[in-house]
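Colleague: Sharing upload-v9.txt here; it has compact mmCIF, C-alpha atoms.
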```txt
# COMPACT_ATOMS: atom_id res chain seq x y z
CA MET A 1 -142.52 -117.88 -228.82
CA ALA A 2 -139.74 -115.37 -229.23
CA THR A 3 -136.88 -115.74 -226.82
CA ARG A 4 -134.52 -113.09 -225.55
CA ALA A 5 -130.95 -113.52 -226.67
CA LYS A 6 -128.66 -114.73 -223.95
CA GLY A 7 -126.88 -111.92 -222.20
CA SER A 8 -129.10 -109.17 -223.60
CA PRO A 9 -130.70 -106.96 -220.97
CA SER A 10 -134.45 -107.11 -220.53
CA ARG A 11 -136.57 -103.96 -220.53
CA THR A 12 -137.05 -104.40 -216.81
CA GLY A 13 -133.31 -104.74 -216.29
CA VAL A 14 -132.61 -101.60 -218.27
CA SER A 15 -135.33 -99.74 -216.38
CA ARG A 16 -133.99 -100.85 -213.02
CA ALA A 17 -130.47 -99.87 -214.04
CA SER A 18 -131.71 -96.42 -215.07
CA VAL A 19 -133.53 -95.97 -211.79
CA ARG A 20 -130.42 -96.99 -209.85
CA SER A 21 -128.30 -94.55 -211.85
CA VAL A 22 -130.69 -91.66 -211.28
CA GLY A 23 -130.91 -92.56 -207.60
CA THR A 24 -127.12 -92.62 -207.23
CA VAL A 25 -126.65 -89.26 -208.93
CA THR A 26 -129.45 -87.73 -206.85
CA ALA A 27 -127.96 -89.11 -203.64
CA GLY A 28 -124.51 -87.77 -204.54
CA SER A 29 -125.94 -84.34 -205.26
CA LEU A 30 -127.85 -84.32 -201.99
CA VAL A 31 -124.71 -85.18 -200.02
CA ALA A 32 -122.74 -82.40 -201.72
CA ASN A 33 -125.48 -79.79 -201.28
CA ALA A 34 -126.17 -80.74 -197.66
CA LEU A 35 -122.49 -80.37 -196.79
CA ALA A 36 -122.29 -77.04 -198.61
CA TYR A 37 -125.09 -75.68 -196.44
CA LEU A 38 -123.77 -77.36 -193.31
CA VAL A 39 -120.60 -75.30 -193.69
CA GLN A 40 -122.63 -72.14 -193.13
CA LEU A 41 -123.59 -73.01 -189.53
CA PRO A 42 -120.12 -73.21 -187.93
CA ALA A 43 -118.84 -70.45 -190.23
CA GLY A 44 -121.66 -68.11 -189.24
CA ARG A 45 -121.31 -68.91 -185.54
CA LEU A 46 -117.52 -68.96 -185.18
CA LEU A 47 -116.33 -66.36 -187.71
CA GLY A 48 -118.72 -63.70 -186.45
CA PRO A 49 -120.80 -61.43 -188.69
CA ALA A 50 -117.85 -59.47 -190.13
CA GLY A 51 -115.69 -62.51 -190.86
CA TYR A 52 -118.63 -64.54 -192.13
CA GLY A 53 -119.70 -61.70 -194.43
CA GLU A 54 -116.29 -61.69 -196.09
CA PHE A 55 -116.27 -65.51 -196.28
CA ALA A 56 -119.74 -65.66 -197.88
CA VAL A 57 -119.12 -62.86 -200.37
CA LEU A 58 -115.92 -64.47 -201.63
CA LEU A 59 -117.64 -67.83 -201.98
CA ALA A 60 -120.33 -66.11 -204.05
CA ALA A 61 -117.64 -64.53 -206.24
CA MET A 62 -116.07 -67.93 -206.84
CA LEU A 63 -119.52 -69.22 -207.85
CA VAL A 64 -119.60 -66.59 -210.59
CA LEU A 65 -116.13 -67.64 -211.73
CA SER A 66 -117.32 -71.26 -211.85
CA VAL A 67 -119.84 -70.49 -214.62
CA PRO A 68 -117.43 -71.64 -217.38
CA ALA A 69 -116.95 -74.87 -215.41
CA LEU A 70 -120.70 -75.50 -215.37
CA ALA A 71 -120.82 -74.89 -219.11
CA LEU A 72 -117.75 -77.06 -219.66
CA GLN A 73 -119.44 -80.10 -218.14
CA THR A 74 -122.41 -79.70 -220.49
CA VAL A 75 -120.23 -79.30 -223.58
CA VAL A 76 -117.91 -82.21 -222.69
CA ALA A 77 -120.84 -84.55 -222.02
CA ARG A 78 -122.46 -83.62 -225.33
CA GLU A 79 -119.23 -84.12 -227.30
CA VAL A 80 -118.64 -87.53 -225.68
CA VAL A 81 -122.05 -88.63 -226.92
CA ARG A 82 -121.16 -87.32 -230.39
CA GLY A 83 -118.05 -89.51 -230.41
CA VAL A 84 -115.35 -86.87 -230.08
CA GLY A 85 -112.02 -88.35 -229.01
CA THR A 86 -111.10 -88.35 -225.31
CA SER A 87 -107.75 -86.67 -225.94
CA VAL A 88 -109.49 -83.78 -227.71
CA LEU A 89 -111.79 -83.27 -224.74
CA TRP A 90 -108.94 -83.35 -222.23
CA ARG A 91 -107.26 -80.60 -224.25
CA LEU A 92 -110.47 -78.58 -224.10
CA ILE A 93 -110.62 -79.08 -220.33
CA ALA A 94 -107.00 -77.95 -220.01
CA VAL A 95 -107.57 -74.81 -222.08
CA VAL A 96 -110.71 -73.80 -220.16
CA THR A 97 -108.94 -74.47 -216.86
CA ALA A 98 -106.06 -72.21 -217.90
CA VAL A 99 -108.48 -69.45 -218.92
CA VAL A 100 -110.33 -69.73 -215.60
CA ALA A 101 -107.02 -69.65 -213.70
CA VAL A 102 -106.03 -66.38 -215.40
CA CYS A 103 -109.48 -64.91 -214.77
CA SER A 104 -109.31 -65.93 -211.11
CA VAL A 105 -106.29 -63.66 -210.61
CA GLY A 106 -108.24 -60.71 -211.96
CA GLY A 107 -111.23 -61.83 -209.90
CA ALA A 108 -109.16 -61.73 -206.71
CA PHE A 109 -108.03 -58.16 -207.37
CA ALA A 110 -111.60 -57.18 -208.27
CA MET A 111 -112.99 -58.59 -205.01
CA MET A 112 -110.32 -56.78 -203.02
CA ALA A 113 -111.84 -53.56 -204.35
CA ILE A 114 -115.52 -54.51 -204.55
CA ALA A 115 -115.82 -56.35 -201.24
CA ASP A 116 -113.13 -54.48 -199.32
CA SER A 117 -111.39 -57.82 -198.81
CA GLY A 118 -107.76 -58.53 -198.03
CA ALA A 119 -105.43 -60.18 -200.54
CA GLY A 120 -105.17 -63.38 -198.47
CA PRO A 121 -108.85 -64.35 -198.40
CA ALA A 122 -109.49 -63.07 -201.94
CA PHE A 123 -106.75 -65.17 -203.53
CA ALA A 124 -107.51 -68.15 -201.27
CA ALA A 125 -111.08 -68.16 -202.54
CA MET A 126 -110.48 -67.43 -206.23
CA ALA A 127 -107.77 -70.10 -206.48
CA GLY A 128 -110.51 -72.71 -206.17
CA ALA A 129 -112.10 -71.79 -209.51
CA ALA A 130 -109.55 -73.55 -211.75
CA PRO A 131 -109.76 -76.93 -209.93
CA LEU A 132 -113.55 -76.66 -210.27
CA ALA A 133 -113.14 -76.50 -214.05
CA VAL A 134 -111.10 -79.72 -213.96
CA ILE A 135 -113.77 -81.37 -211.80
CA ALA A 136 -116.54 -80.25 -214.15
CA GLY A 137 -114.69 -81.55 -217.20
CA GLY A 138 -114.13 -84.94 -215.58
CA GLN A 139 -117.77 -85.13 -214.54
CA GLY A 140 -118.74 -84.32 -218.12
CA LEU A 141 -116.72 -87.30 -219.34
CA LEU A 142 -118.49 -89.55 -216.83
CA GLN A 143 -121.90 -88.14 -217.70
CA GLY A 144 -121.44 -88.40 -221.45
CA GLY A 145 -120.09 -91.93 -221.11
CA GLY A 146 -123.16 -93.03 -219.14
CA ARG A 147 -121.13 -93.87 -216.02
CA PHE A 148 -123.83 -92.57 -213.71
CA GLY A 149 -123.04 -94.81 -210.76
CA VAL A 150 -119.48 -93.50 -210.71
CA LEU A 151 -120.72 -89.95 -211.27
CA GLY A 152 -122.94 -90.13 -208.20
CA ALA A 153 -120.05 -91.32 -206.06
CA VAL A 154 -117.83 -88.57 -207.48
CA LEU A 155 -120.41 -85.89 -206.68
CA ALA A 156 -120.55 -87.03 -203.06
CA ALA A 157 -116.77 -87.34 -202.71
CA VAL A 158 -116.19 -83.89 -204.20
CA GLY A 159 -118.74 -82.47 -201.77
CA VAL A 160 -116.92 -84.03 -198.84
CA LEU A 161 -113.48 -82.87 -199.98
CA ARG A 162 -114.68 -79.30 -200.61
CA SER A 163 -116.71 -78.83 -197.43
CA VAL A 164 -115.19 -80.88 -194.62
CA PRO A 165 -111.79 -79.08 -194.66
CA VAL A 166 -113.62 -75.75 -194.32
CA ILE A 167 -115.57 -77.00 -191.30
CA VAL A 168 -112.40 -78.35 -189.70
CA ALA A 169 -110.52 -75.09 -190.30
CA VAL A 170 -113.30 -73.02 -188.75
CA VAL A 171 -113.73 -75.32 -185.74
CA LEU A 172 -109.98 -75.19 -185.10
CA GLY A 173 -110.16 -71.41 -184.89
CA GLY A 174 -109.17 -70.41 -188.40
CA GLN A 175 -110.53 -67.15 -189.81
CA ALA A 176 -111.88 -66.48 -193.31
CA THR A 177 -108.51 -66.87 -195.05
CA ALA A 178 -107.79 -70.24 -193.44
CA ALA A 179 -111.31 -71.51 -194.12
CA LEU A 180 -111.24 -70.46 -197.79
CA ALA A 181 -107.73 -71.86 -198.29
CA ALA A 182 -108.83 -75.18 -196.76
CA GLY A 183 -111.76 -75.32 -199.18
CA THR A 184 -109.50 -74.57 -202.14
CA LEU A 185 -107.01 -77.24 -201.07
CA GLY A 186 -109.83 -79.77 -200.76
CA THR A 187 -111.10 -78.76 -204.21
CA ALA A 188 -107.63 -79.29 -205.71
CA VAL A 189 -107.40 -82.77 -204.16
CA ALA A 190 -110.86 -83.53 -205.50
CA ALA A 191 -109.79 -82.42 -208.98
CA VAL A 192 -106.88 -84.88 -208.96
CA GLY A 193 -109.22 -87.65 -207.86
CA VAL A 194 -111.82 -86.85 -210.52
CA VAL A 195 -109.17 -86.91 -213.26
CA ALA A 196 -108.01 -90.34 -212.07
CA VAL A 197 -111.56 -91.72 -211.87
CA ALA A 198 -112.59 -90.28 -215.25
CA ALA A 199 -109.48 -91.70 -216.93
CA VAL A 200 -109.81 -95.20 -215.45
CA GLY A 201 -112.39 -97.30 -217.25
CA ALA A 202 -113.16 -94.68 -219.90
CA ARG A 203 -113.43 -95.89 -223.44
CA SER A 204 -110.48 -94.54 -225.38
CA ARG A 205 -111.46 -93.15 -228.77
CA PRO A 206 -109.19 -91.60 -231.36
CA ALA A 207 -109.36 -87.86 -231.83
CA ARG A 208 -111.99 -86.88 -234.37
CA GLY A 209 -112.65 -83.60 -236.10
CA GLY A 210 -109.81 -81.61 -234.56
CA ALA A 211 -110.06 -79.43 -231.49
CA VAL A 212 -113.39 -78.52 -229.93
CA PRO A 213 -113.56 -74.70 -230.00
CA VAL A 214 -113.60 -72.97 -226.63
CA SER A 215 -116.28 -70.71 -228.10
CA MET A 216 -118.74 -73.57 -227.52
CA VAL A 217 -118.11 -73.25 -223.80
CA LEU A 218 -118.31 -69.46 -223.97
CA ARG A 219 -121.70 -69.58 -225.70
CA ALA A 220 -122.99 -72.12 -223.21
CA SER A 221 -121.76 -69.86 -220.39
CA GLY A 222 -123.84 -66.88 -221.47
CA VAL A 223 -127.26 -67.81 -220.15
CA GLN A 224 -125.81 -69.57 -217.10
CA LEU A 225 -123.89 -66.41 -216.25
CA VAL A 226 -127.10 -64.39 -216.25
CA VAL A 227 -128.67 -66.82 -213.77
CA ILE A 228 -125.64 -67.01 -211.46
CA VAL A 229 -125.15 -63.23 -211.42
CA ALA A 230 -128.85 -62.71 -210.74
CA VAL A 231 -128.59 -65.10 -207.79
CA SER A 232 -125.38 -63.59 -206.40
CA VAL A 233 -125.26 -59.88 -207.24
CA ASP A 234 -126.91 -58.67 -204.02
CA LEU A 235 -124.53 -60.68 -201.85
CA LEU A 236 -121.51 -59.70 -203.95
CA LEU A 237 -122.25 -56.00 -203.46
CA SER A 238 -123.43 -56.23 -199.86
CA ARG A 239 -120.05 -55.29 -198.39
CA SER A 240 -119.94 -52.23 -200.65
CA VAL A 241 -123.17 -50.74 -199.28
CA LEU A 242 -123.45 -52.20 -195.77
CA SER A 243 -121.20 -52.24 -192.74
CA ALA A 244 -119.11 -55.37 -192.20
CA HIS A 245 -121.51 -56.50 -189.44
CA ASP A 246 -124.67 -55.93 -191.51
CA ALA A 247 -123.09 -57.60 -194.55
CA GLY A 248 -122.49 -60.68 -192.42
CA VAL A 249 -126.11 -60.63 -191.23
CA TYR A 250 -127.26 -60.31 -194.85
CA ALA A 251 -124.99 -63.19 -195.90
CA LEU A 252 -126.77 -65.52 -193.49
CA GLY A 253 -130.15 -64.50 -194.89
CA ALA A 254 -128.81 -65.16 -198.39
CA VAL A 255 -128.34 -68.80 -197.40
CA ALA A 256 -132.14 -69.08 -197.53
CA THR A 257 -132.07 -67.53 -201.01
CA LYS A 258 -129.59 -70.13 -202.24
CA ALA A 259 -131.49 -73.00 -200.60
CA ALA A 260 -134.80 -71.95 -202.17
CA PHE A 261 -133.08 -71.54 -205.55
CA TRP A 262 -131.28 -74.90 -205.64
CA LEU A 263 -134.00 -77.02 -204.01
CA PRO A 264 -136.25 -77.51 -207.09
CA GLN A 265 -133.48 -77.90 -209.69
CA ALA A 266 -134.72 -81.37 -210.66
CA VAL A 267 -137.90 -79.85 -212.10
CA GLY A 268 -135.94 -78.09 -214.85
CA VAL A 269 -133.89 -81.21 -215.58
CA VAL A 270 -136.99 -83.37 -215.99
CA VAL A 271 -139.05 -80.92 -218.04
CA TYR A 272 -136.26 -79.73 -220.38
CA PRO A 273 -136.92 -82.29 -223.18
CA ARG A 274 -140.56 -81.17 -223.34
CA LEU A 275 -139.53 -77.52 -223.40
CA ALA A 276 -137.56 -78.33 -226.56
CA ASP A 277 -140.62 -79.94 -228.20
CA PRO A 278 -142.55 -77.24 -230.13
CA VAL A 279 -145.82 -79.14 -229.66
CA ARG A 280 -145.53 -79.54 -225.88
CA SER A 281 -143.29 -76.62 -224.96
CA THR A 282 -145.93 -74.07 -223.94
CA ALA A 283 -147.96 -76.52 -221.87
CA ALA A 284 -144.81 -77.95 -220.26
CA LEU A 285 -143.56 -74.50 -219.33
CA ARG A 286 -146.91 -73.54 -217.81
CA SER A 287 -147.10 -76.79 -215.85
CA ALA A 288 -143.52 -76.64 -214.57
CA THR A 289 -143.92 -72.99 -213.60
CA GLY A 290 -146.96 -73.94 -211.55
CA VAL A 291 -144.96 -76.64 -209.77
CA LEU A 292 -142.14 -74.20 -208.96
CA VAL A 293 -144.59 -71.58 -207.72
CA GLY A 294 -146.12 -74.17 -205.40
CA ILE A 295 -142.72 -75.25 -204.10
CA GLY A 296 -141.70 -71.63 -203.67
CA ALA A 297 -144.81 -70.82 -201.66
CA ALA A 298 -144.14 -73.77 -199.35
CA VAL A 299 -140.46 -72.86 -198.92
CA THR A 300 -141.33 -69.21 -198.22
CA ALA A 301 -143.88 -70.23 -195.59
CA ALA A 302 -141.39 -72.64 -194.00
CA ALA A 303 -138.77 -69.87 -193.87
CA ALA A 304 -141.25 -67.56 -192.14
CA LEU A 305 -141.83 -70.22 -189.49
CA ALA A 306 -138.12 -71.01 -189.14
CA GLY A 307 -137.02 -67.37 -188.88
CA PRO A 308 -137.33 -67.11 -185.08
CA LEU A 309 -134.95 -70.07 -184.73
CA VAL A 310 -132.03 -68.21 -186.34
CA PRO A 311 -130.75 -66.57 -183.12
CA ILE A 312 -130.99 -69.92 -181.33
CA VAL A 313 -129.44 -72.16 -183.97
CA VAL A 314 -126.75 -69.78 -185.25
CA SER A 315 -126.14 -66.76 -183.02
CA ALA A 316 -127.98 -63.85 -181.44
CA ASP A 317 -125.87 -61.58 -183.67
CA TYR A 318 -128.11 -62.59 -186.58
CA ARG A 319 -131.41 -61.70 -184.87
CA PRO A 320 -132.11 -58.83 -187.34
CA VAL A 321 -132.48 -61.29 -190.22
CA ALA A 322 -134.93 -63.58 -188.42
CA GLY A 323 -138.01 -61.64 -189.52
CA LEU A 324 -136.73 -61.32 -193.09
CA LEU A 325 -135.90 -64.95 -193.75
CA TRP A 326 -139.15 -65.44 -195.66
CA LEU A 327 -138.22 -62.58 -198.02
CA PHE A 328 -134.86 -64.18 -198.80
CA ALA A 329 -136.61 -67.51 -199.46
CA TYR A 330 -139.13 -65.75 -201.72
CA THR A 331 -136.29 -64.23 -203.74
CA GLY A 332 -134.65 -67.63 -204.19
CA SER A 333 -137.97 -69.15 -205.26
CA ALA A 334 -138.51 -66.41 -207.83
CA LEU A 335 -135.00 -66.98 -209.17
CA ALA A 336 -135.76 -70.70 -209.50
CA VAL A 337 -138.70 -69.77 -211.75
CA LEU A 338 -136.40 -67.41 -213.66
CA GLN A 339 -133.95 -70.23 -214.28
CA LEU A 340 -136.76 -72.40 -215.66
CA LEU A 341 -137.79 -69.63 -218.06
CA LEU A 342 -134.18 -69.23 -219.21
CA LEU A 343 -134.06 -72.99 -219.83
CA ALA A 344 -137.05 -72.47 -222.12
CA VAL A 345 -135.10 -69.73 -223.91
CA ILE A 346 -132.23 -72.17 -224.48
CA ALA A 347 -134.54 -75.01 -225.50
CA ARG A 348 -136.19 -72.81 -228.10
CA ASP A 349 -132.82 -71.48 -229.31
CA ARG A 350 -133.83 -67.87 -228.69
CA MET A 351 -130.82 -66.66 -226.74
CA ARG A 352 -131.76 -62.99 -227.15
CA GLY A 353 -134.77 -63.67 -224.98
CA GLY A 354 -132.44 -63.43 -222.00
CA LEU A 355 -131.45 -59.82 -222.75
CA PRO A 356 -134.27 -58.28 -220.65
CA VAL A 357 -133.03 -60.23 -217.65
CA ALA A 358 -129.47 -59.04 -218.21
CA ALA A 359 -130.76 -55.46 -218.40
CA LEU A 360 -132.68 -55.86 -215.14
CA VAL A 361 -129.57 -57.23 -213.44
CA LEU A 362 -127.81 -54.00 -214.39
CA VAL A 363 -130.76 -52.05 -212.99
CA GLU A 364 -130.45 -54.06 -209.78
CA VAL A 365 -126.77 -53.12 -209.50
CA VAL A 366 -127.65 -49.44 -209.85
CA LEU A 367 -130.43 -49.69 -207.26
CA ILE A 368 -128.19 -51.51 -204.81
CA MET A 369 -125.47 -48.90 -205.11
CA THR A 370 -127.86 -45.93 -204.82
CA VAL A 371 -130.81 -47.06 -202.69
CA ALA A 372 -129.81 -50.00 -200.49
CA ASP A 373 -128.36 -48.87 -197.17
CA SER A 374 -129.64 -51.53 -194.78
CA VAL A 375 -130.24 -55.28 -194.62
CA THR A 376 -133.96 -54.74 -195.19
CA SER A 377 -133.64 -52.36 -198.15
CA LEU A 378 -131.08 -54.60 -199.86
CA ALA A 379 -133.34 -57.65 -199.41
CA VAL A 380 -136.31 -55.70 -200.82
CA VAL A 381 -134.32 -54.55 -203.88
CA ALA A 382 -133.24 -58.15 -204.58
CA ALA A 383 -136.80 -59.46 -204.23
CA VAL A 384 -138.33 -56.76 -206.44
CA CYS A 385 -135.72 -57.22 -209.18
CA ALA A 386 -136.12 -61.02 -209.12
CA THR A 387 -139.88 -60.60 -209.53
CA ALA A 388 -139.46 -58.08 -212.34
CA SER A 389 -137.05 -60.42 -214.16
CA VAL A 390 -139.52 -63.31 -213.98
CA LEU A 391 -142.43 -61.18 -215.24
CA SER A 392 -140.43 -59.62 -218.09
CA LEU A 393 -139.12 -62.95 -219.35
CA TRP A 394 -142.54 -64.57 -219.01
CA LEU A 395 -144.01 -61.80 -221.18
CA VAL A 396 -141.24 -62.28 -223.75
CA LEU A 397 -141.96 -66.00 -223.97
CA ARG A 398 -145.71 -65.36 -224.18
CA ARG A 399 -145.08 -62.95 -227.06
CA VAL A 400 -142.95 -65.56 -228.83
CA ASP A 401 -145.63 -68.19 -228.33
CA GLY A 402 -148.25 -65.83 -229.76
CA ALA A 403 -146.11 -65.04 -232.78
CA THR A 404 -145.44 -68.68 -233.60
CA THR A 405 -148.98 -69.98 -233.07
CA THR A 406 -151.02 -70.55 -236.23
CA HIS A 407 -154.67 -69.61 -235.75
CA PRO A 408 -157.38 -71.19 -237.88
```
As structure tokens, how would this structure be written, given the file I've shared?
Modeller:
Amino acid sequence: MATRAKGSPSRTGVSRASVRSVGTVTAGSLVANALAYLVQLPAGRLLGPAGYGEFAVLLAAMLVLSVPALALQTVVAREVVRGVGTSVLWRLIAVVTAVVAVCSVGGAFAMMAIADSGAGPAFAAMAGAAPLAVIAGGQGLLQGGGRFGVLGAVLAAVGVLRSVPVIVAVVLGGQATAALAAGTLGTAVAAVGVVAVAAVGARSRPARGGAVPVSMVLRASGVQLVVIVAVSVDLLLSRSVLSAHDAGVYALGAVATKAAFWLPQAVGVVVYPRLADPVRSTAALRSATGVLVGIGAAVTAAAALAGPLVPIVVSADYRPVAGLLWLFAYTGSALAVLQLLLLAVIARDRMRGGLPVAALVLVEVVLIMTVADSVTSLAVVAAVCATASVLSLWLVLRRVDGATTTHP
């Protein structure tokens, strides 16, 4: 009878370790996301519609600026697996952080014009983008090194440090500037902590192959930028076409959009390897799309039922959005399907497949600036454009599948 070598892990042990790692990362993500949404309740109630509208729009702008950070984590994790030296990757993180910091200055000036925001809140919000890049790079090192238990704890800790200071600032009477500055300060503290955690216990490898080009991060940012802009463009432009009060009302409705979008993210993570398999890609995409449609229908129905609670839970000022909450949730659900389809574009290495979506985002901008003049019309434009983006990309992928299928 064959015996297992002493000290070698059994298949069961490895499996249990993997399950624990996945569970820890999932738990950390849930803590961070729950706190991010929890911030919206006191902010919406205590800042008032006008102040909350400015707060939410600037947070959305910082989300767009964080796209390179999201790409950076993916690139760093991949290069760790490939054996690239740690010092090389820290240099890459530093360069991307510097680029994001410069862009954040321009972003602050842009939001002052686009969102009719003051310099204080605009710079307080945009200053958080660079620390996010540091956090993403550190998380990439943990992810690529297989330190999933630590990664899960880091995700939760970062969520606490980014969200709790905002809640405290708002509860103590701070306005949008104070709340955004508190969040940025917490993000900076989190960045220092992530660097320390990522450095301690990491396997030190000599630099190999020279510097990792920043262009890798830029290419990885392309498709992610399309998704993030599609999710945020209506909120970003809301203060340009609506009154300060109505923009604040719309911002609260957009919370349902974000929740419906982020809720089923695990589906894309799980199905991605099959999307990259030419044999199983089409079936996997069809199956995963069905799952997301089912989740979206449930979330939309739940939002319709929860709508009447908005004036009670948040404030009577937001009563106009109560009957539209389902539409916001529908838009987020459609965007979740769109993200899945864009993952298929990446998996199949057909980046140009995302061009129709980029074109429709531009169309959405034009429609918002020329047609949307109320909370309802802006929500309808966002929903219609999200639906059109999903249908156009689905047709593109169907056409690709038809062109690559060999018929007997």
Colleague: Which one of A:Val241, A:Val158, A:Val31, A:Leu172 sits closest to Ala43 (chain A) if you count all atoms listed in the file?
Modeller: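 Of A:Val241, A:Val158, A:Val31, A:Leu172, the one nearest Ala43 (chain A) is A:Leu172, counting all atoms listed in the file.
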Colleague: If I take CA of Ala101 (chain A) and CA of Gly120 (chain A), how far is one from the other in Å, to one decimal?
Modeller: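 According to the coordinates, CA of Ala101 (chain A) and CA of Gly120 (chain A) are separated by 16.6 Å.
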Colleague: Provide the CA of Ser281 (chain A) to CA of Arg352 (chain A) distance in Å, to one decimal place.
Modeller: 18.0 Å
Colleague: Closest to Ala386 (chain A) among A:Leu38, A:Ala372, A:Thr282, A:Val233, using only C-alpha atoms?
Modeller: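 Looking only at the distances to Ala386 (chain A), the closest residue turns out to be A:Val233.
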Colleague: Which one is closest to Tyr250 (chain A): A:Phe123, A:Tyr52, A:Trp90, A:Tyr37? Count all atoms listed in the file.
Modeller: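 For Tyr250 (chain A), the nearest of the candidates is A:Tyr52.
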Colleague: Could you jot down the CA of Leu237 (chain A) to CA of Gly128 (chain A) separation for me, Å, one decimal place?
Modeller: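 Separation of CA of Leu237 (chain A) and CA of Gly128 (chain A): 20.6 Å.
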Colleague: Can you tell me which residues surround Leu41 (chain A) at a distance of at most 9 Å, considering only C-alpha atoms, apart from same-chain residues fewer than 4 positions away, and format the answer as a list of chain:residue names?
Modeller: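 The contact residues come out as A:Tyr37, A:Arg45, A:Leu46, A:Val313, A:Val314.
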Colleague: Using all atoms listed in the file for the distances, tell me which of A:Thr376, A:Ser232, A:Ser117, A:Gln73 is nearest to Gly53 (chain A).
Modeller: A:Ser117
Colleague: If you count all atoms listed in the file, which residues fall within 12 Å of Ala298 (chain A), apart from same-chain ones fewer than 3 positions away, as a compact mmCIF listing (two decimals) with C-alpha atoms, in the coordinates of the input?
Modeller:
```txt
# COMPACT_ATOMS: atom_id res chain seq x y z
CA ALA A 260 -134.80 -71.95 -202.17
CA LEU A 263 -134.00 -77.02 -204.01
CA PRO A 264 -136.25 -77.51 -207.09
CA VAL A 291 -144.96 -76.64 -209.77
CA LEU A 292 -142.14 -74.20 -208.96
CA VAL A 293 -144.59 -71.58 -207.72
CA GLY A 294 -146.12 -74.17 -205.40
CA ILE A 295 -142.72 -75.25 -204.10
CA ALA A 301 -143.88 -70.23 -195.59
CA ALA A 302 -141.39 -72.64 -194.00
CA ALA A 303 -138.77 -69.87 -193.87
CA ALA A 304 -141.25 -67.56 -192.14
CA LEU A 305 -141.83 -70.22 -189.49
CA TRP A 326 -139.15 -65.44 -195.66
CA ALA A 329 -136.61 -67.51 -199.46
CA TYR A 330 -139.13 -65.75 -201.72
CA SER A 333 -137.97 -69.15 -205.26
```
Colleague: Neighbours of Ala156 (chain A) within 9 Å (all atoms listed in the file; same-chain residues fewer than 5 positions away dropped), as a ChimeraX atom specification?
Modeller: /A:25,27-33,151,161
Colleague: Select, from A:Val164, A:Leu325, A:Thr24, A:Val99, the residue with the minimum atom-to-atom distance to Gly152 (chain A), counting only C-alpha atoms.
Modeller: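 Of all the options, A:Thr24 lies closest to Gly152 (chain A).
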Colleague: For Trp262 (chain A), which residue out of A:Val200, A:Gly307, A:Val134, A:Ala334 is the nearest one, using only C-alpha atoms?
Modeller: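 Counting only C-alpha atoms, the residue closest to Trp262 (chain A) is A:Ala334.
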